[in-house]
Amino acid sequence: MHTIAPLWLWGFFVATVLVALFIDFVVLKKQGAHEVGVREALRWSVVWVAVSFAFNALFWWAVKDTTGDVALANTKALEFLTGYLIEKSLAVDNIFVFLMIFTYFAVPAAYQKRVLMIGIIGAIVLRTLMILAGGWLLQQFHWILYVFGAFLLLTGVKMWWAAGKEPDLEDNPALKLLRRLMPVSKSFDGEQFFTVENGKRIATPLLMVVCLVGVTDVIFAVDSIPAIFAITLDPFIVLTSNVFAILGLRAMYFLLAAVAAKFHLLSYGLAVILAFIGTKMMLIDLVKIPVVASLGVVVGILAVTMVLSVRTAPKLPMR
């Protein structure tokens, strides 16, 4: 698979991700189980966004230094930014599902951090494999672009139809399968995934939650990864924009969970974004939509739906 990124930038990207995970799993682990407040989540969200933008600036410089083409560097940096915003925006819907799962299982706020930290590891591994496989397929079979486009368009229509409706987790096939595969205790045992009842080692509800969060992320990745491939076929841009958006997912969850009611119309906006990207992908050989235009459409749709959501939702107190 062809990429414009130099080899050293791949190494820098891997090192950055490892440092970020080290911070999450080693440094923040010292805090122990605690409820993440809005202000803490906001601070970490700003940090992850700043890191992502700094990496994009480095990517721009690397392309310019390697090719000597400023216009090409500008285009590639815009592709990264667009892919990053697409993944960030679609992650909002993902977060609402996480919130539903945590609420359904009555997961204490102090335990939610560990679940999301493990979920981030799984998301990075699985999405890397999916992106590499998707990039290879697109390189070998151009017509798959049309399949991805039609899938995104239909997903957008389905998301619009389902927006505003309360999902029923009890009918979730993944949950039903997990309950058949493993006995589960009726109560939590701290942050443990297994406990002992009547002399037998069984799973705790927290393990069920981790499994469901992982399944949910894979399902949403099926939407977001083709959407970024619609912007660029460079696997480096698709992977890095996706992973940097995921690294900030934990902080983003705690930030949005506190104000979820304010963004009740966002699902409609995400549905329109998916439909737009799907249409763009299906018309890729007929109409070339500039990256700047795609970025403008995504930002515009998000801005409109967020403003309308805030104006029509009750104000929630900060804690």
# chains A, B, ... in the order shown; residues from 1 in each chain; ligands from 1
call {"tool": "select_by_dssp", "arguments": {"residues": "segment 40-260 of chain A", "states": "strand (DSSP E)", "output": "list in words"}}
result
Phe194, Thr195, Val196, Glu197, Lys200, Arg201, Ile202 and Ala203 of chain A
call {"tool": "atom_distance", "arguments": {"atom1": "atom CA of Gly68 of chain A", "atom2": "atom CA of Ile228 of chain A"}}
result
25.6 Å
call {"tool": "closest_residue", "arguments": {"among": "A:Ile101, A:Ile86, A:Met208, A:Arg311", "to": "Phe276 of chain A", "atoms": "only C-alpha atoms"}}
result
A:Ile86
call {"tool": "closest_atom_pairs", "arguments": {"of": "segment 227-263 of chain A", "to": "segment 105-127 of chain A", "cutoff": "12 Å", "atoms": "only C-alpha atoms", "output": "tab-separated table"}}
result
residue	atom	partner	partner_atom	distance
A:Pro235	CA	A:Arg127	CA	11.6
A:Val238	CA	A:Arg127	CA	10.1
A:Leu239	CA	A:Arg127	CA	7.9
A:Thr240	CA	A:Ile124	CA	10.2
A:Ser241	CA	A:Arg127	CA	11.4
A:Asn242	CA	A:Arg127	CA	8.1
A:Val243	CA	A:Ile124	CA	6.2
A:Phe244	CA	A:Ile124	CA	9.5
A:Ala245	CA	A:Ile124	CA	10.3
A:Ile246	CA	A:Ile120	CA	6.6
A:Leu247	CA	A:Ile120	CA	6.9
A:Gly248	CA	A:Ile120	CA	9.1
A:Leu249	CA	A:Ile120	CA	7.6
A:Arg250	CA	A:Leu116	CA	5.8
A:Ala251	CA	A:Lys113	CA	9.1
A:Met252	CA	A:Leu116	CA	10.7
A:Tyr253	CA	A:Leu116	CA	8.7
A:Phe254	CA	A:Lys113	CA	8.8
A:Ala257	CA	A:Ala109	CA	10.7
A:Ala258	CA	A:Ala109	CA	11.4
call {"tool": "write_last_selection", "arguments": {"atoms": "all heavy atoms", "output": "short mmCIF file (atom, residue, chain, number, x, y, z; two decimals), in the first residue's frame"}}
result
data_model
loop_
_atom_site.label_atom_id
_atom_site.label_comp_id
_atom_site.auth_asym_id
_atom_site.auth_seq_id
_atom_site.Cartn_x
_atom_site.Cartn_y
_atom_site.Cartn_z
N PRO A 235 -3.02 4.91 3.60
CA PRO A 235 -3.26 4.18 4.85
C PRO A 235 -2.65 4.87 6.07
O PRO A 235 -3.17 4.74 7.18
CB PRO A 235 -2.62 2.81 4.60
CG PRO A 235 -1.62 3.04 3.52
CD PRO A 235 -2.20 4.12 2.65
N VAL A 238 -5.20 7.53 7.13
CA VAL A 238 -6.39 6.88 7.69
C VAL A 238 -6.09 6.35 9.09
O VAL A 238 -6.87 6.55 10.03
CB VAL A 238 -6.86 5.73 6.78
CG1 VAL A 238 -8.08 5.03 7.39
CG2 VAL A 238 -7.23 6.26 5.39
N LEU A 239 -4.94 5.68 9.24
CA LEU A 239 -4.59 5.07 10.53
C LEU A 239 -4.31 6.13 11.60
O LEU A 239 -4.84 6.06 12.71
CB LEU A 239 -3.39 4.15 10.36
CG LEU A 239 -2.86 3.48 11.63
CD1 LEU A 239 -3.93 2.57 12.24
CD2 LEU A 239 -1.59 2.68 11.33
N THR A 240 -3.47 7.09 11.27
CA THR A 240 -3.07 8.07 12.28
C THR A 240 -4.23 8.96 12.71
O THR A 240 -4.39 9.24 13.91
CB THR A 240 -1.91 8.94 11.77
OG1 THR A 240 -2.27 9.54 10.51
CG2 THR A 240 -0.65 8.11 11.59
N SER A 241 -5.04 9.41 11.77
CA SER A 241 -6.18 10.25 12.14
C SER A 241 -7.17 9.47 13.01
O SER A 241 -7.75 10.01 13.96
CB SER A 241 -6.88 10.79 10.89
OG SER A 241 -7.42 9.73 10.10
N ASN A 242 -7.33 8.19 12.70
CA ASN A 242 -8.22 7.33 13.47
C ASN A 242 -7.70 7.11 14.88
O ASN A 242 -8.43 7.26 15.87
CB ASN A 242 -8.38 5.99 12.74
CG ASN A 242 -9.69 5.31 13.04
OD1 ASN A 242 -9.84 4.72 14.09
ND2 ASN A 242 -10.64 5.39 12.12
N VAL A 243 -6.42 6.77 15.00
CA VAL A 243 -5.84 6.45 16.30
C VAL A 243 -5.77 7.68 17.19
O VAL A 243 -6.07 7.61 18.39
CB VAL A 243 -4.44 5.83 16.13
CG1 VAL A 243 -3.72 5.72 17.47
CG2 VAL A 243 -4.55 4.45 15.49
N PHE A 244 -5.39 8.83 16.64
CA PHE A 244 -5.32 10.04 17.47
C PHE A 244 -6.70 10.44 17.98
O PHE A 244 -6.83 10.95 19.10
CB PHE A 244 -4.69 11.18 16.68
CG PHE A 244 -3.19 11.20 16.77
CD1 PHE A 244 -2.42 10.81 15.69
CD2 PHE A 244 -2.55 11.57 17.93
CE1 PHE A 244 -1.03 10.82 15.76
CE2 PHE A 244 -1.17 11.57 18.03
CZ PHE A 244 -0.40 11.19 16.93
N ALA A 245 -7.73 10.19 17.18
CA ALA A 245 -9.09 10.46 17.66
C ALA A 245 -9.47 9.50 18.79
O ALA A 245 -10.12 9.89 19.75
CB ALA A 245 -10.08 10.34 16.50
N ILE A 246 -9.03 8.24 18.68
CA ILE A 246 -9.34 7.23 19.70
C ILE A 246 -8.63 7.53 21.02
O ILE A 246 -9.18 7.33 22.10
CB ILE A 246 -8.95 5.83 19.19
CG1 ILE A 246 -9.87 5.40 18.06
CG2 ILE A 246 -9.02 4.80 20.32
CD1 ILE A 246 -9.43 4.13 17.37
N LEU A 247 -7.39 8.04 20.93
CA LEU A 247 -6.63 8.32 22.15
C LEU A 247 -7.35 9.30 23.07
O LEU A 247 -7.22 9.24 24.29
CB LEU A 247 -5.24 8.87 21.80
CG LEU A 247 -4.25 7.86 21.22
CD1 LEU A 247 -2.95 8.56 20.81
CD2 LEU A 247 -3.95 6.74 22.21
N GLY A 248 -8.13 10.18 22.49
CA GLY A 248 -8.88 11.14 23.31
C GLY A 248 -10.29 10.69 23.63
O GLY A 248 -11.08 11.47 24.18
N LEU A 249 -10.60 9.43 23.32
CA LEU A 249 -11.97 8.95 23.48
C LEU A 249 -12.39 8.90 24.95
O LEU A 249 -13.53 9.24 25.29
CB LEU A 249 -12.11 7.55 22.86
CG LEU A 249 -13.51 6.93 22.86
CD1 LEU A 249 -14.47 7.79 22.04
CD2 LEU A 249 -13.48 5.51 22.30
N ARG A 250 -11.49 8.48 25.84
CA ARG A 250 -11.84 8.34 27.25
C ARG A 250 -12.21 9.70 27.85
O ARG A 250 -13.25 9.84 28.50
CB ARG A 250 -10.69 7.72 28.03
CG ARG A 250 -10.97 7.51 29.51
CD ARG A 250 -9.82 6.77 30.17
NE ARG A 250 -8.57 7.49 30.00
CZ ARG A 250 -8.19 8.50 30.79
NH1 ARG A 250 -8.99 8.91 31.75
NH2 ARG A 250 -7.03 9.09 30.60
N ALA A 251 -11.36 10.70 27.60
CA ALA A 251 -11.65 12.04 28.12
C ALA A 251 -12.91 12.61 27.48
O ALA A 251 -13.73 13.26 28.15
CB ALA A 251 -10.46 12.97 27.85
N MET A 252 -13.09 12.32 26.20
CA MET A 252 -14.25 12.81 25.49
C MET A 252 -15.53 12.19 26.05
O MET A 252 -16.58 12.86 26.13
CB MET A 252 -14.11 12.47 24.00
CG MET A 252 -15.18 13.07 23.10
SD MET A 252 -14.85 12.62 21.37
CE MET A 252 -16.30 13.30 20.58
N TYR A 253 -15.46 10.93 26.45
CA TYR A 253 -16.63 10.27 27.02
C TYR A 253 -17.09 10.98 28.29
O TYR A 253 -18.27 11.31 28.44
CB TYR A 253 -16.33 8.80 27.33
CG TYR A 253 -17.39 8.18 28.22
CD1 TYR A 253 -18.60 7.74 27.69
CD2 TYR A 253 -17.21 8.10 29.60
CE1 TYR A 253 -19.59 7.22 28.51
CE2 TYR A 253 -18.19 7.57 30.42
CZ TYR A 253 -19.38 7.14 29.87
OH TYR A 253 -20.37 6.64 30.68
N PHE A 254 -16.17 11.18 29.22
CA PHE A 254 -16.54 11.80 30.49
C PHE A 254 -17.00 13.25 30.30
O PHE A 254 -17.82 13.74 31.07
CB PHE A 254 -15.38 11.73 31.47
CG PHE A 254 -15.11 10.35 31.99
CD1 PHE A 254 -13.98 9.65 31.60
CD2 PHE A 254 -16.00 9.73 32.85
CE1 PHE A 254 -13.74 8.37 32.06
CE2 PHE A 254 -15.77 8.45 33.32
CZ PHE A 254 -14.63 7.77 32.93
N ALA A 257 -20.58 12.78 28.57
CA ALA A 257 -21.55 12.07 29.41
C ALA A 257 -22.26 13.03 30.35
O ALA A 257 -23.44 12.83 30.68
CB ALA A 257 -20.85 10.97 30.21
N ALA A 258 -21.56 14.07 30.78
CA ALA A 258 -22.15 15.02 31.72
C ALA A 258 -23.11 15.98 31.04
O ALA A 258 -23.98 16.58 31.69
CB ALA A 258 -21.04 15.83 32.40
#
call {"tool": "atom_distance", "arguments": {"atom1": "atom CA of Leu206 of chain A", "atom2": "atom CA of Ser89 of chain A"}}
result
26.8 Å
call {"tool": "residues_around", "arguments": {"residues": "segment 152-163 of chain A", "least_positions_apart": "5", "cutoff": "6 Å", "atoms": "only C-alpha atoms", "output": "VMD selection string"}}
result
chain A and resid 267 to 268 271 274 to 275 278
call {"tool": "select_by_dssp", "arguments": {"residues": "segment 23-262 of chain A", "states": "alpha helix (DSSP H)", "output": "ChimeraX atom specification"}}
result
/A:38-67,70-104,109-140,144-162,173-181,205-229,235-247,249-257
call {"tool": "closest_residue", "arguments": {"among": "A:Ala230, A:Ala91, A:Leu178, A:Met100", "to": "Lys280 of chain A", "atoms": "only C-alpha atoms"}}
result
A:Ala230
call {"tool": "atom_distance", "arguments": {"atom1": "atom CA of Gln192 of chain A", "atom2": "atom CA of Phe220 of chain A"}}
result
26.8 Å
call {"tool": "residues_around", "arguments": {"residues": "Ala73 of chain A", "least_positions_apart": "6", "cutoff": "12 Å", "atoms": "only C-alpha atoms", "output": "JSON list (two decimals) with C-alpha atoms, in the first residue's frame"}}
result
[["chain", "number", "residue", "atom", "x", "y", "z"],
["A", 4, "ILE", "CA", 3.54, 9.51, 1.25],
["A", 5, "ALA", "CA", 4.73, 9.43, 4.87],
["A", 56, "ASN", "CA", -0.56, 17.01, 11.90],
["A", 57, "ALA", "CA", 1.84, 19.97, 11.78],
["A", 58, "LEU", "CA", 4.79, 17.56, 11.88],
["A", 59, "PHE", "CA", 3.17, 15.50, 9.11],
["A", 60, "TRP", "CA", 2.80, 18.66, 6.99],
["A", 61, "TRP", "CA", 6.48, 19.48, 7.49],
["A", 62, "ALA", "CA", 7.55, 15.90, 6.69],
["A", 63, "VAL", "CA", 5.63, 15.88, 3.39],
["A", 64, "LYS", "CA", 7.01, 19.30, 2.43],
["A", 65, "ASP", "CA", 10.55, 18.28, 3.36],
["A", 66, "THR", "CA", 10.32, 14.97, 1.50],
["A", 67, "THR", "CA", 8.64, 16.20, -1.70],
["A", 79, "GLU", "CA", -6.89, 15.07, 4.64],
["A", 80, "PHE", "CA", -5.58, 14.20, 8.12]]
call {"tool": "residues_around", "arguments": {"residues": "Ile277 of chain A", "least_positions_apart": "3", "cutoff": "12 Å", "atoms": "only C-alpha atoms", "output": "ChimeraX atom specification"}}
result
/A:82-83,86,145-146,148-156,223-232,270-274,280-284,289,291,293-295,297-298
call {"tool": "residues_around", "arguments": {"residues": "Val49 of chain A", "least_positions_apart": "2", "cutoff": "10 Å", "atoms": "only C-alpha atoms", "output": "ChimeraX atom specification"}}
result
/A:44-47,51-55,84,244-245,247-248
